[in-house]
$ cat entry-v4.csv   # CSV, C-alpha atoms
chain,number,residue,atom,x,y,z
A,1,MET,CA,68.0,137.2,168.9
A,2,HIS,CA,66.0,139.4,166.6
A,3,GLN,CA,69.1,141.0,165.3
A,4,ARG,CA,70.5,137.6,164.4
A,5,LEU,CA,67.3,136.7,162.5
A,6,ALA,CA,67.4,140.1,160.7
A,7,ALA,CA,71.0,139.4,159.6
A,8,THR,CA,69.9,136.2,157.8
A,9,LEU,CA,67.2,137.8,155.7
A,10,GLU,CA,67.3,139.1,152.2
A,11,ASP,CA,67.1,142.9,151.7
A,12,GLY,CA,63.6,142.6,150.4
A,13,ALA,CA,62.3,140.7,153.4
A,14,LEU,CA,63.7,143.4,155.7
A,15,ALA,CA,62.1,146.1,153.6
A,16,ARG,CA,58.7,144.3,153.7
A,17,ALA,CA,59.0,144.0,157.5
A,18,VAL,CA,59.2,147.8,157.7
A,19,ALA,CA,56.2,148.5,155.5
A,20,PRO,CA,52.8,149.3,157.2
A,21,GLY,CA,50.9,146.3,158.5
A,22,ALA,CA,53.9,144.1,157.9
A,23,ALA,CA,53.8,140.6,159.3
A,24,ALA,CA,56.2,139.1,156.8
A,25,GLN,CA,58.6,137.6,159.4
A,26,PRO,CA,57.3,136.2,162.6
A,27,GLY,CA,59.7,137.2,165.5
A,28,LEU,CA,61.1,140.2,163.6
A,29,ASP,CA,60.0,143.6,164.7
A,30,ARG,CA,60.2,146.7,162.6
A,31,ALA,CA,63.0,148.4,164.6
A,32,GLN,CA,65.3,145.4,164.1
A,33,ALA,CA,64.5,145.3,160.4
A,34,GLU,CA,65.2,149.0,160.1
A,35,ALA,CA,68.5,148.7,162.0
A,36,GLU,CA,69.6,145.9,159.8
A,37,LEU,CA,68.7,147.7,156.6
A,38,CYS,CA,70.7,150.7,157.9
A,39,ARG,CA,73.7,148.5,158.8
A,40,ARG,CA,73.7,146.9,155.3
A,41,PHE,CA,73.1,150.0,153.2
A,42,ALA,CA,75.2,152.6,155.1
A,43,PRO,CA,78.5,151.4,153.6
A,44,ARG,CA,77.1,151.2,150.1
A,45,ILE,CA,75.7,154.7,150.3
A,46,ARG,CA,78.9,156.0,151.8
A,47,LEU,CA,81.0,154.6,149.0
A,48,TYR,CA,78.5,156.0,146.4
A,49,GLY,CA,78.9,159.4,148.2
A,50,LEU,CA,82.7,159.2,148.2
A,51,ARG,CA,82.7,158.2,144.5
A,52,HIS,CA,80.4,160.9,143.3
A,53,LEU,CA,80.9,163.7,145.9
A,54,ARG,CA,84.6,163.1,146.7
A,55,ASP,CA,84.2,164.4,150.2
A,56,PRO,CA,83.9,162.3,153.4
A,57,HIS,CA,81.6,164.8,155.1
A,58,ALA,CA,79.3,165.0,152.2
A,59,ALA,CA,79.3,161.2,152.0
A,60,ALA,CA,78.3,161.0,155.6
A,61,ASP,CA,75.5,163.5,155.0
A,62,LEU,CA,74.4,161.4,152.0
A,63,VAL,CA,74.2,158.3,154.2
A,64,GLN,CA,71.9,160.0,156.7
A,65,GLN,CA,69.7,161.6,154.1
A,66,VAL,CA,69.2,158.5,152.0
A,67,LEU,CA,68.6,156.2,154.9
A,68,MET,CA,66.1,158.6,156.4
A,69,THR,CA,64.3,159.0,153.1
A,70,THR,CA,64.3,155.2,152.6
A,71,LEU,CA,62.9,154.4,156.0
A,72,GLU,CA,60.3,157.2,155.8
A,73,ARG,CA,59.1,155.9,152.5
A,74,LEU,CA,59.0,152.3,153.6
A,75,ARG,CA,57.1,153.2,156.8
A,76,ALA,CA,54.6,155.2,154.7
A,77,GLY,CA,54.1,152.3,152.3
A,78,GLU,CA,55.4,154.4,149.4
A,79,VAL,CA,58.0,151.9,148.2
A,80,ARG,CA,56.1,150.0,145.5
A,81,GLU,CA,58.4,147.0,145.3
A,82,PRO,CA,60.1,146.4,148.6
A,83,GLU,CA,61.9,143.3,147.2
A,84,ARG,CA,63.8,145.7,145.0
A,85,ILE,CA,64.8,147.9,147.9
A,86,ALA,CA,68.5,148.1,146.6
A,87,SER,CA,67.3,149.8,143.4
A,88,PHE,CA,65.2,152.2,145.4
A,89,VAL,CA,68.1,153.1,147.6
A,90,LEU,CA,70.4,153.6,144.6
A,91,GLY,CA,67.8,155.8,142.9
A,92,THR,CA,67.4,157.9,146.1
A,93,CYS,CA,71.2,158.1,146.3
A,94,ARG,CA,71.4,159.5,142.8
A,95,MET,CA,68.7,162.1,143.4
A,96,THR,CA,70.0,163.1,146.8
A,97,ALA,CA,73.6,163.4,145.5
A,98,LEU,CA,72.4,165.6,142.7
A,99,GLU,CA,70.5,167.8,145.2
A,100,MET,CA,73.6,168.0,147.4
A,101,LYS,CA,75.7,169.0,144.4
A,102,ARG,CA,73.2,171.8,143.8
A,103,GLY,CA,73.5,172.9,147.4
A,104,ALA,CA,70.0,171.9,148.5
A,105,ALA,CA,69.1,172.5,152.1
A,106,ARG,CA,69.8,169.7,154.5
A,107,ARG,CA,67.0,167.9,156.2
A,108,GLU,CA,68.0,168.4,159.8
A,109,ARG,CA,64.6,167.9,161.3
A,110,LEU,CA,64.5,164.3,160.3
A,111,LEU,CA,67.7,163.5,162.3
A,112,GLU,CA,65.6,163.8,165.5
A,113,THR,CA,63.3,161.1,164.2
A,114,TRP,CA,65.8,158.5,162.8
A,115,THR,CA,68.4,158.0,165.5
A,116,HIS,CA,69.7,154.7,164.3
A,117,VAL,CA,70.4,156.3,160.9
A,118,GLU,CA,73.0,158.5,162.5
A,119,GLU,CA,74.6,155.6,164.2
A,120,ALA,CA,74.7,153.6,161.0
A,121,ALA,CA,76.4,156.6,159.2
A,122,GLN,CA,79.1,156.6,161.8
A,123,ASP,CA,79.5,152.8,161.7
A,124,ALA,CA,80.1,153.0,158.0
A,125,GLU,CA,83.4,154.9,158.5
A,126,PRO,CA,86.3,152.6,157.4
A,127,ARG,CA,89.1,151.3,159.6
A,128,PRO,CA,92.4,153.0,159.1
A,129,LEU,CA,95.2,151.3,157.2
A,130,ASP,CA,98.7,150.6,158.4
A,131,GLU,CA,100.1,153.8,156.9
A,132,ALA,CA,103.8,153.0,157.4
A,133,ARG,CA,103.4,149.7,155.7
A,134,LEU,CA,101.5,151.2,152.8
A,135,ALA,CA,104.3,153.8,152.4
A,136,ARG,CA,106.8,151.0,152.1
A,137,CYS,CA,104.7,149.1,149.7
A,138,LEU,CA,104.3,152.2,147.5
A,139,GLU,CA,108.0,152.9,147.5
A,140,ALA,CA,108.6,149.3,146.4
A,141,LEU,CA,106.4,149.7,143.3
A,142,PRO,CA,108.1,150.2,139.9
A,143,GLU,CA,108.3,154.0,139.1
A,144,ARG,CA,105.7,153.9,136.4
A,145,GLU,CA,103.2,152.1,138.6
A,146,ARG,CA,103.8,154.5,141.6
A,147,SER,CA,103.3,157.6,139.4
A,148,VAL,CA,100.1,156.2,137.9
A,149,VAL,CA,98.7,155.2,141.3
A,150,LEU,CA,99.5,158.7,142.8
A,151,LEU,CA,97.9,160.5,139.9
A,152,ALA,CA,94.8,158.3,140.3
A,153,PHE,CA,94.3,158.4,144.0
A,154,ALA,CA,96.1,161.5,145.2
A,155,GLY,CA,95.2,163.5,142.0
A,156,GLU,CA,91.8,161.9,141.3
A,157,LYS,CA,92.7,161.6,137.7
A,158,SER,CA,91.0,159.3,135.2
A,159,ALA,CA,93.0,157.0,132.9
A,160,GLN,CA,92.5,159.5,130.1
A,161,GLU,CA,93.9,162.4,132.1
A,162,THR,CA,96.8,160.3,133.5
A,163,GLY,CA,97.7,159.0,130.1
A,164,ALA,CA,97.8,162.5,128.6
A,165,GLU,CA,100.0,163.8,131.4
A,166,LEU,CA,102.4,160.9,131.5
A,167,GLY,CA,102.7,160.0,127.9
A,168,LEU,CA,100.7,156.8,128.1
A,169,THR,CA,97.6,155.6,126.4
A,170,PRO,CA,94.4,155.3,128.6
A,171,GLY,CA,94.4,151.5,128.1
A,172,ASN,CA,98.0,151.3,129.2
A,173,VAL,CA,97.2,153.4,132.3
A,174,ARG,CA,94.5,151.0,133.3
A,175,VAL,CA,96.8,148.0,132.8
A,176,VAL,CA,99.6,149.7,134.9
A,177,ARG,CA,97.0,150.8,137.5
A,178,HIS,CA,95.6,147.3,137.9
A,179,ARG,CA,99.0,145.7,138.2
A,180,ALA,CA,100.0,148.3,140.8
A,181,LEU,CA,96.8,147.7,142.8
A,182,ALA,CA,97.4,144.0,142.8
A,183,ARG,CA,101.0,144.5,144.0
A,184,LEU,CA,99.8,146.9,146.8
A,185,ARG,CA,97.2,144.5,148.0
A,186,GLN,CA,99.6,141.6,148.1
A,187,CYS,CA,102.2,143.7,149.9
A,188,MET,CA,99.7,144.9,152.4
A,189,GLU,CA,98.6,141.3,153.1
A,190,GLY,CA,102.3,140.4,153.6
A,191,ARG,CA,102.4,138.1,150.5
B,1,MET,CA,77.9,144.8,156.3
B,2,SER,CA,76.4,141.7,154.8
B,3,ALA,CA,79.2,139.3,153.7
B,4,ARG,CA,77.1,136.8,151.8
B,5,PRO,CA,79.1,135.3,148.9
B,6,CYS,CA,78.4,136.9,145.5
B,7,ALA,CA,77.5,134.7,142.6
B,8,SER,CA,79.2,137.0,140.1
B,9,PRO,CA,81.8,139.1,141.9
B,10,VAL,CA,82.9,142.3,140.2
B,11,ASP,CA,86.5,142.2,139.0
B,12,PHE,CA,88.8,144.3,141.1
B,13,ALA,CA,90.1,146.1,138.0
B,14,LEU,CA,86.5,147.1,137.1
B,15,LEU,CA,85.9,148.3,140.7
B,16,ALA,CA,89.0,150.5,140.3
B,17,ASP,CA,87.7,151.8,137.0
B,18,TYR,CA,84.4,152.7,138.6
B,19,TRP,CA,86.1,154.4,141.6
B,20,LEU,CA,88.2,156.5,139.3
B,21,GLY,CA,85.5,157.4,136.8
B,22,ASP,CA,86.6,155.1,134.1
B,23,ALA,CA,83.8,152.6,134.0
B,24,GLY,CA,81.9,154.5,131.3
B,25,ALA,CA,78.7,152.8,130.1
B,26,GLN,CA,79.1,150.0,132.7
B,27,GLU,CA,78.6,152.4,135.6
B,28,PRO,CA,74.8,152.2,136.1
B,29,ALA,CA,74.7,148.4,136.0
B,30,LEU,CA,77.7,148.3,138.3
B,31,GLU,CA,76.0,150.5,140.8
B,32,GLU,CA,72.9,148.4,140.7
B,33,HIS,CA,75.0,145.4,141.5
B,34,LEU,CA,76.9,147.1,144.3
B,35,PHE,CA,73.7,148.3,146.0
B,36,GLY,CA,72.4,144.8,146.1
B,37,CYS,CA,75.7,143.1,147.1
B,38,GLY,CA,77.4,143.4,150.4
B,39,HIS,CA,80.3,141.2,149.2
B,40,CYS,CA,81.3,143.5,146.3
B,41,THR,CA,80.6,146.6,148.5
B,42,ALA,CA,83.1,145.3,151.0
B,43,ARG,CA,85.7,144.9,148.2
B,44,LEU,CA,84.9,148.4,146.9
B,45,ALA,CA,85.4,149.7,150.5
B,46,GLU,CA,88.8,147.9,150.6
B,47,LEU,CA,89.8,149.8,147.4
B,48,ALA,CA,88.5,153.1,148.7
B,49,ARG,CA,90.5,152.6,151.9
B,50,LEU,CA,93.6,151.7,149.9
B,51,GLY,CA,93.1,154.8,147.7
B,52,ALA,CA,92.7,157.1,150.8
B,53,GLY,CA,95.8,155.5,152.3
B,54,VAL,CA,97.8,156.3,149.1
B,55,ARG,CA,96.8,159.9,149.3
B,56,THR,CA,97.6,160.1,153.0
B,57,ALA,CA,101.1,158.5,152.5
B,58,PHE,CA,101.8,160.9,149.6
B,59,LEU,CA,100.7,164.0,151.5
B,60,ALA,CA,102.8,162.9,154.5
B,61,GLY,CA,105.8,163.3,152.2
B,62,ALA,CA,106.7,159.7,152.5
B,63,LEU,CA,107.3,159.0,148.8
B,64,THR,CA,109.6,159.8,146.0
B,65,ALA,CA,107.6,160.3,142.8
B,66,VAL,CA,107.7,161.5,139.2
B,67,VAL,CA,104.5,163.4,138.6
B,68,SER,CA,102.9,165.7,136.0
B,69,ALA,CA,102.7,169.5,135.9
B,70,PRO,CA,98.8,169.5,136.1
B,71,PHE,CA,99.1,167.2,139.2
B,72,VAL,CA,101.4,169.7,140.9
B,73,GLU,CA,99.0,172.6,139.9
B,74,LYS,CA,96.1,170.7,141.4
B,75,LEU,CA,98.0,170.2,144.7
B,76,ARG,CA,98.7,174.0,144.7
B,77,ARG,CA,95.0,174.7,144.2
B,78,GLU,CA,94.2,172.5,147.1
B,79,GLY,CA,96.4,174.6,149.4
B,80,VAL,CA,99.5,172.3,149.5
B,81,ARG,CA,102.6,174.4,150.1
B,82,LEU,CA,105.1,173.8,147.4
B,83,ARG,CA,108.6,175.1,146.9
B,84,GLU,CA,109.7,174.8,143.3
B,85,TYR,CA,113.1,174.7,141.6
B,86,ARG,CA,113.7,174.8,137.9
B,87,LEU,CA,117.0,173.6,136.5
B,88,ARG,CA,118.4,173.3,133.0
B,89,PRO,CA,120.9,170.5,132.1
B,90,GLY,CA,124.3,171.2,133.6
B,91,GLU,CA,123.0,173.8,136.0
B,92,THR,CA,123.7,174.0,139.8
B,93,LEU,CA,121.4,175.8,142.2
B,94,SER,CA,121.2,176.4,146.0
B,95,CYS,CA,118.1,174.9,147.5
B,96,THR,CA,116.4,174.1,150.8
B,97,ILE,CA,113.2,172.9,152.3
B,98,ALA,CA,111.5,174.8,155.1
B,99,ALA,CA,109.5,173.3,157.9
B,100,SER,CA,106.5,175.0,156.5
B,101,ASP,CA,106.9,173.5,153.1
B,102,ASP,CA,104.8,170.4,152.2
B,103,PHE,CA,106.8,169.5,149.1
B,104,VAL,CA,109.8,170.5,147.0
B,105,VAL,CA,109.3,170.1,143.3
B,106,SER,CA,112.3,169.7,141.0
B,107,ARG,CA,111.5,170.7,137.5
B,108,LEU,CA,114.3,169.3,135.3
B,109,ALA,CA,114.3,170.8,131.8
B,110,ALA,CA,115.2,168.1,129.3
B,111,ASP,CA,114.7,167.3,125.6
B,112,LEU,CA,112.8,164.1,125.8
B,113,ARG,CA,111.7,163.9,122.2
B,114,GLY,CA,112.4,160.5,120.7
B,115,VAL,CA,113.2,159.0,124.1
B,116,LYS,CA,111.6,155.6,124.7
B,117,ARG,CA,112.8,154.8,128.1
B,118,LEU,CA,114.2,157.2,130.8
B,119,ASP,CA,116.1,156.4,134.0
B,120,LEU,CA,116.8,158.8,136.8
B,121,LEU,CA,119.9,158.3,138.9
B,122,ARG,CA,120.5,160.2,142.1
B,123,GLU,CA,123.8,160.7,143.9
B,124,ILE,CA,124.3,162.3,147.3
B,125,GLU,CA,127.8,163.5,148.1
B,126,GLY,CA,129.2,161.4,145.2
B,127,ARG,CA,127.5,158.2,146.4
B,128,PRO,CA,124.7,156.4,144.5
B,129,ALA,CA,121.5,157.0,146.5
B,130,LEU,CA,118.6,156.1,144.2
B,131,GLU,CA,118.0,154.6,140.8
B,132,MET,CA,114.6,155.1,139.3
B,133,HIS,CA,114.1,152.9,136.2
B,134,ASP,CA,111.7,153.5,133.4
B,135,VAL,CA,110.1,156.7,134.8
B,136,PRO,CA,107.0,157.9,133.0
B,137,PHE,CA,107.2,161.2,131.1
B,138,ASP,CA,105.5,163.2,128.4
B,139,PRO,CA,108.0,163.5,125.6
B,140,ALA,CA,106.4,166.8,124.5
B,141,ALA,CA,106.6,168.4,128.0
B,142,GLY,CA,110.3,169.3,127.8
B,143,GLU,CA,110.7,168.6,131.5
B,144,LEU,CA,110.5,166.0,134.2
B,145,LEU,CA,108.9,166.8,137.6
B,146,VAL,CA,110.3,165.0,140.6
B,147,LEU,CA,109.0,165.1,144.1
B,148,PRO,CA,111.6,163.9,146.7
B,149,PRO,CA,110.2,162.5,150.0
B,150,ALA,CA,109.7,165.8,151.9
B,151,ALA,CA,109.7,164.2,155.3
B,152,ALA,CA,113.1,162.6,154.8
B,153,LEU,CA,114.5,165.6,153.1
B,154,LYS,CA,113.7,167.8,156.1
B,155,LYS,CA,115.8,165.7,158.3
B,156,MET,CA,118.9,165.6,156.0
B,157,PRO,CA,121.9,167.8,156.7
B,158,SER,CA,123.3,170.1,154.1
B,159,HIS,CA,124.6,168.1,151.1
B,160,VAL,CA,125.2,168.2,147.4
B,161,GLU,CA,123.0,166.0,145.3
B,162,ARG,CA,123.4,165.2,141.6
B,163,VAL,CA,120.6,163.9,139.4
B,164,ARG,CA,121.2,162.4,136.0
B,165,LEU,CA,118.6,161.7,133.4
B,166,VAL,CA,119.6,158.8,131.1
B,167,ALA,CA,117.8,157.7,128.0
B,168,VAL,CA,118.0,153.9,127.5
B,169,GLU,CA,118.3,153.1,123.8
B,170,GLU,CA,119.1,150.2,121.7
B,171,ALA,CA,122.6,151.7,121.1
B,172,GLY,CA,123.2,152.0,124.8
B,173,ARG,CA,122.7,154.7,127.5
B,174,ARG,CA,122.7,158.4,126.7
B,175,THR,CA,122.9,161.1,129.4
B,176,ILE,CA,120.3,163.7,128.7
B,177,GLY,CA,121.1,166.0,131.5
B,178,GLU,CA,122.8,166.4,134.9
B,179,TYR,CA,121.5,168.7,137.5
B,180,THR,CA,123.2,169.6,140.8
B,181,PHE,CA,121.4,170.6,144.0
B,182,ASP,CA,123.4,172.4,146.7
B,183,HIS,CA,121.0,171.6,149.5
B,184,ARG,CA,121.2,173.8,152.6
B,185,ALA,CA,119.5,172.4,155.7
B,186,GLU,CA,117.4,175.0,157.6
B,187,PRO,CA,119.1,175.9,160.9

$ encode --input "entry-v4.csv" --output "structure tokens"
Amino acid sequence: MHQRLAATLEDGALARAVAPGAAAQPGLDRAQAEAELCRRFAPRIRLYGLRHLRDPHAAADLVQQVLMTTLERLRAGEVREPERIASFVLGTCRMTALEMKRGAARRERLLETWTHVEEAAQDAEPRPLDEARLARCLEALPERERSVVLLAFAGEKSAQETGAELGLTPGNVRVVRHRALARLRQCMEGR
Amino acid sequence: MSARPCASPVDFALLADYWLGDAGAQEPALEEHLFGCGHCTARLAELARLGAGVRTAFLAGALTAVVSAPFVEKLRREGVRLREYRLRPGETLSCTIAASDDFVVSRLAADLRGVKRLDLLREIEGRPALEMHDVPFDPAAGELLVLPPAAALKKMPSHVERVRLVAVEEAGRRTIGEYTFDHRAEP
């Protein structure tokens, strides 16, 4: 019941429900608000981690660390504008990812306190694709599109790099890439 | 994940630019939006999943692809086991793929200066097997790097394969080079 109510609330209302002395939402307890915040933000943090750290394990660590920090600061009343919780989480992501890049020590002790954080980090893992179908869809792409997509996703190359290596302009690479992604999505959906 | 509709959904092309480091000055504002929007996060997750799937399919040796030399070097640095063959136009060489190889790279030397469009035609035992039209290439590279699908190649018996590079020009088609692979299947 509480979880259903939590799912209908804005991010800011959930954040206010976690803050000390909160009575913002009748019928919503702090644990449910925290769990919903974790459920919502875990995928966003994970994607940020994948984008900036390029490693699934590091991204999973980032999810845990950022969620723990966020809940800790909310509980302590240290988030000045709970209604802007998304910005707070993003800022924490940026700082934590920087620390991780510098090899900062992990905050293992907090894991014992924030058990639902670990669950949310695991829930944020994506479902696998139909790999055989995707391989067929990739083989069906025009050669130029397949090469560009491979350099982008298997080689992690920017449009600038891909263009320099394949004799294309960066603008052309982005156009080809966009066209290829549209074809792949259509193909994967069976259209 | 919250699936509330988004009043101003981020274009999928921009999400791809962001994911691949090409969003430039738009990146901070885009991240602000993504952190406040479950809908666009879900679409970014779809893109990330697709990208991871592309890499998985490629590393499984399921694809034929024309790639770049720096791309191959990156694979090598990541620990991918590569067997490499270099051929000049008109050359024949004996080749194979071992069970322990992840990929075979064919480096076809070719003078590509002035070429606008390039096709690659592949024959196996004298029969047309594959036509790759308008393959991408760097005219200054002096070679084309081709990765055949390693998984399928490992299952093939010994055979002779000919690859022809053809420049497509206004005046017609011009063969740039022919390369012959005498493939020996591992016992």

$ residues_around --input "entry-v4.csv" --residues "stretch 48-61 of chain A" --least-positions-apart "3" --cutoff "7 Å" --atoms "all atoms listed in the file" --output "list in words"
Arg44, Ile45, Gln64, Gln65 and Ala121 of chain A; Trp19 of chain B

$ interface_residues --input "entry-v4.csv" --of "chain B" --to "chain A" --cutoff "8 Å" --atoms "only C-alpha atoms" --output "PyMOL selection string"
chain B and resi 1-2+13+16-17+19-22+31-32+34-36+38+41+44-45+48-58+62-71+74-75+132-139

$ atom_distance --input "entry-v4.csv" --atom1 "atom CA of B:Val115" --atom2 "atom CA of B:Ala167"
6.2 Å

$ residues_near_point --input "entry-v4.csv" --point "(120.2, 167.3, 151.3)" --cutoff "12 Å" --atoms "all atoms listed in the file" --output "short mmCIF file (atom, residue, chain, number, x, y, z; two decimals) with C-alpha atoms, keeping the file's coordinate frame"
data_model
loop_
_atom_site.label_atom_id
_atom_site.label_comp_id
_atom_site.auth_asym_id
_atom_site.auth_seq_id
_atom_site.Cartn_x
_atom_site.Cartn_y
_atom_site.Cartn_z
CA SER B 94 121.20 176.40 146.00
CA CYS B 95 118.10 174.90 147.50
CA THR B 96 116.40 174.10 150.80
CA ILE B 97 113.20 172.90 152.30
CA VAL B 104 109.80 170.50 147.00
CA ARG B 122 120.50 160.20 142.10
CA GLU B 123 123.80 160.70 143.90
CA ILE B 124 124.30 162.30 147.30
CA GLU B 125 127.80 163.50 148.10
CA ALA B 129 121.50 157.00 146.50
CA PRO B 148 111.60 163.90 146.70
CA PRO B 149 110.20 162.50 150.00
CA ALA B 150 109.70 165.80 151.90
CA ALA B 151 109.70 164.20 155.30
CA ALA B 152 113.10 162.60 154.80
CA LEU B 153 114.50 165.60 153.10
CA LYS B 154 113.70 167.80 156.10
CA LYS B 155 115.80 165.70 158.30
CA MET B 156 118.90 165.60 156.00
CA PRO B 157 121.90 167.80 156.70
CA SER B 158 123.30 170.10 154.10
CA HIS B 159 124.60 168.10 151.10
CA VAL B 160 125.20 168.20 147.40
CA GLU B 161 123.00 166.00 145.30
CA ARG B 162 123.40 165.20 141.60
CA THR B 180 123.20 169.60 140.80
CA PHE B 181 121.40 170.60 144.00
CA ASP B 182 123.40 172.40 146.70
CA HIS B 183 121.00 171.60 149.50
CA ARG B 184 121.20 173.80 152.60
CA ALA B 185 119.50 172.40 155.70
CA GLU B 186 117.40 175.00 157.60
#

$ closest_residue --input "entry-v4.csv" --among "B:Glu170, B:Arg164, B:His39, B:Ala23" --to "B:Ala7" --atoms "all atoms listed in the file"
B:His39

$ atom_distance --input "entry-v4.csv" --atom1 "atom CA of B:Arg76" --atom2 "atom CA of A:Lys101"
23.5 Å

$ atom_distance --input "entry-v4.csv" --atom1 "atom CA of A:Asp29" --atom2 "atom CA of B:Cys37"
23.6 Å

$ residues_around --input "entry-v4.csv" --residues "A:Thr96" --least-positions-apart "4" --cutoff "8 Å" --atoms "all atoms listed in the file" --output "JSON, numbers by chain"
{"A": [62, 65, 66, 92, 100]}

$ closest_residue --input "entry-v4.csv" --among "B:Tyr85, B:Phe103, B:Tyr18, B:Tyr179" --to "B:Leu30" --atoms "only C-alpha atoms"
B:Tyr18

$ closest_residue --input "entry-v4.csv" --among "B:Arg107, B:Arg117, B:Gly90, B:Leu59" --to "B:Glu78" --atoms "all atoms listed in the file"
B:Leu59

$ residues_around --input "entry-v4.csv" --residues "B:Ala110" --least-positions-apart "5" --cutoff "9 Å" --atoms "all atoms listed in the file" --output "list in words"
Arg88, Pro89, Ala141, Gly142, Glu143, Leu144, Leu165, Ile176 and Gly177 of chain B

$ axis_aligned_box --input "entry-v4.csv" --around "stretch 141-155 of chain A" --padding-each-side "5 Å" --output "lines of an AutoDock Vina configuration file"
center_x = 101.3
center_y = 156.6
center_z = 140.8
size_x = 24.0
size_y = 23.8
size_z = 18.8

$ build_atoms --input "entry-v4.csv" --residues "stretch 50-69 of chain B" --atoms "N, CA and C atoms" --output "mmCIF file, in the frame of the given file"
data_model
loop_
_atom_site.group_PDB
_atom_site.id
_atom_site.type_symbol
_atom_site.label_atom_id
_atom_site.label_comp_id
_atom_site.auth_asym_id
_atom_site.auth_seq_id
_atom_site.Cartn_x
_atom_site.Cartn_y
_atom_site.Cartn_z
ATOM 1 N N LEU B 50 92.277 151.751 150.459
ATOM 2 C CA LEU B 50 93.600 151.700 149.900
ATOM 3 C C LEU B 50 93.911 153.077 149.200
ATOM 4 N N GLY B 51 92.940 153.565 148.435
ATOM 5 C CA GLY B 51 93.100 154.800 147.700
ATOM 6 C C GLY B 51 93.322 155.994 148.694
ATOM 7 N N ALA B 52 92.522 156.006 149.766
ATOM 8 C CA ALA B 52 92.700 157.100 150.800
ATOM 9 C C ALA B 52 94.032 156.969 151.444
ATOM 10 N N GLY B 53 94.493 155.731 151.655
ATOM 11 C CA GLY B 53 95.800 155.500 152.300
ATOM 12 C C GLY B 53 96.927 156.014 151.373
ATOM 13 N N VAL B 54 96.785 155.803 150.069
ATOM 14 C CA VAL B 54 97.800 156.300 149.100
ATOM 15 C C VAL B 54 97.911 157.791 149.198
ATOM 16 N N ARG B 55 96.762 158.446 149.218
ATOM 17 C CA ARG B 55 96.800 159.900 149.300
ATOM 18 C C ARG B 55 97.403 160.387 150.606
ATOM 19 N N THR B 56 97.051 159.719 151.702
ATOM 20 C CA THR B 56 97.600 160.100 153.000
ATOM 21 C C THR B 56 99.121 159.935 153.028
ATOM 22 N N ALA B 57 99.605 158.790 152.515
ATOM 23 C CA ALA B 57 101.100 158.500 152.500
ATOM 24 C C ALA B 57 101.774 159.563 151.647
ATOM 25 N N PHE B 58 101.159 159.890 150.527
ATOM 26 C CA PHE B 58 101.800 160.900 149.600
ATOM 27 C C PHE B 58 101.835 162.244 150.311
ATOM 28 N N LEU B 59 100.716 162.676 150.891
ATOM 29 C CA LEU B 59 100.700 164.000 151.500
ATOM 30 C C LEU B 59 101.558 164.095 152.753
ATOM 31 N N ALA B 60 101.868 162.943 153.343
ATOM 32 C CA ALA B 60 102.800 162.900 154.500
ATOM 33 C C ALA B 60 104.222 163.091 154.059
ATOM 34 N N GLY B 61 104.463 163.136 152.752
ATOM 35 C CA GLY B 61 105.800 163.300 152.200
ATOM 36 C C GLY B 61 106.670 162.079 152.377
ATOM 37 N N ALA B 62 106.026 160.918 152.312
ATOM 38 C CA ALA B 62 106.700 159.700 152.500
ATOM 39 C C ALA B 62 107.293 159.056 151.237
ATOM 40 N N LEU B 63 106.963 159.648 150.085
ATOM 41 C CA LEU B 63 107.300 159.000 148.800
ATOM 42 C C LEU B 63 108.136 159.812 147.888
ATOM 43 N N THR B 64 108.923 159.129 147.075
ATOM 44 C CA THR B 64 109.600 159.800 146.000
ATOM 45 C C THR B 64 108.717 159.497 144.731
ATOM 46 N N ALA B 65 108.516 160.521 143.910
ATOM 47 C CA ALA B 65 107.600 160.300 142.800
ATOM 48 C C ALA B 65 107.930 161.203 141.606
ATOM 49 N N VAL B 66 107.755 160.669 140.414
ATOM 50 C CA VAL B 66 107.700 161.500 139.200
ATOM 51 C C VAL B 66 106.264 161.765 138.921
ATOM 52 N N VAL B 67 105.935 163.031 138.772
ATOM 53 C CA VAL B 67 104.500 163.400 138.600
ATOM 54 C C VAL B 67 104.404 164.326 137.365
ATOM 55 N N SER B 68 103.191 164.836 137.161
ATOM 56 C CA SER B 68 102.900 165.700 136.000
ATOM 57 C C SER B 68 102.730 167.149 136.476
ATOM 58 N N ALA B 69 102.894 168.083 135.563
ATOM 59 C CA ALA B 69 102.700 169.500 135.900
ATOM 60 C C ALA B 69 101.234 169.769 136.331
#
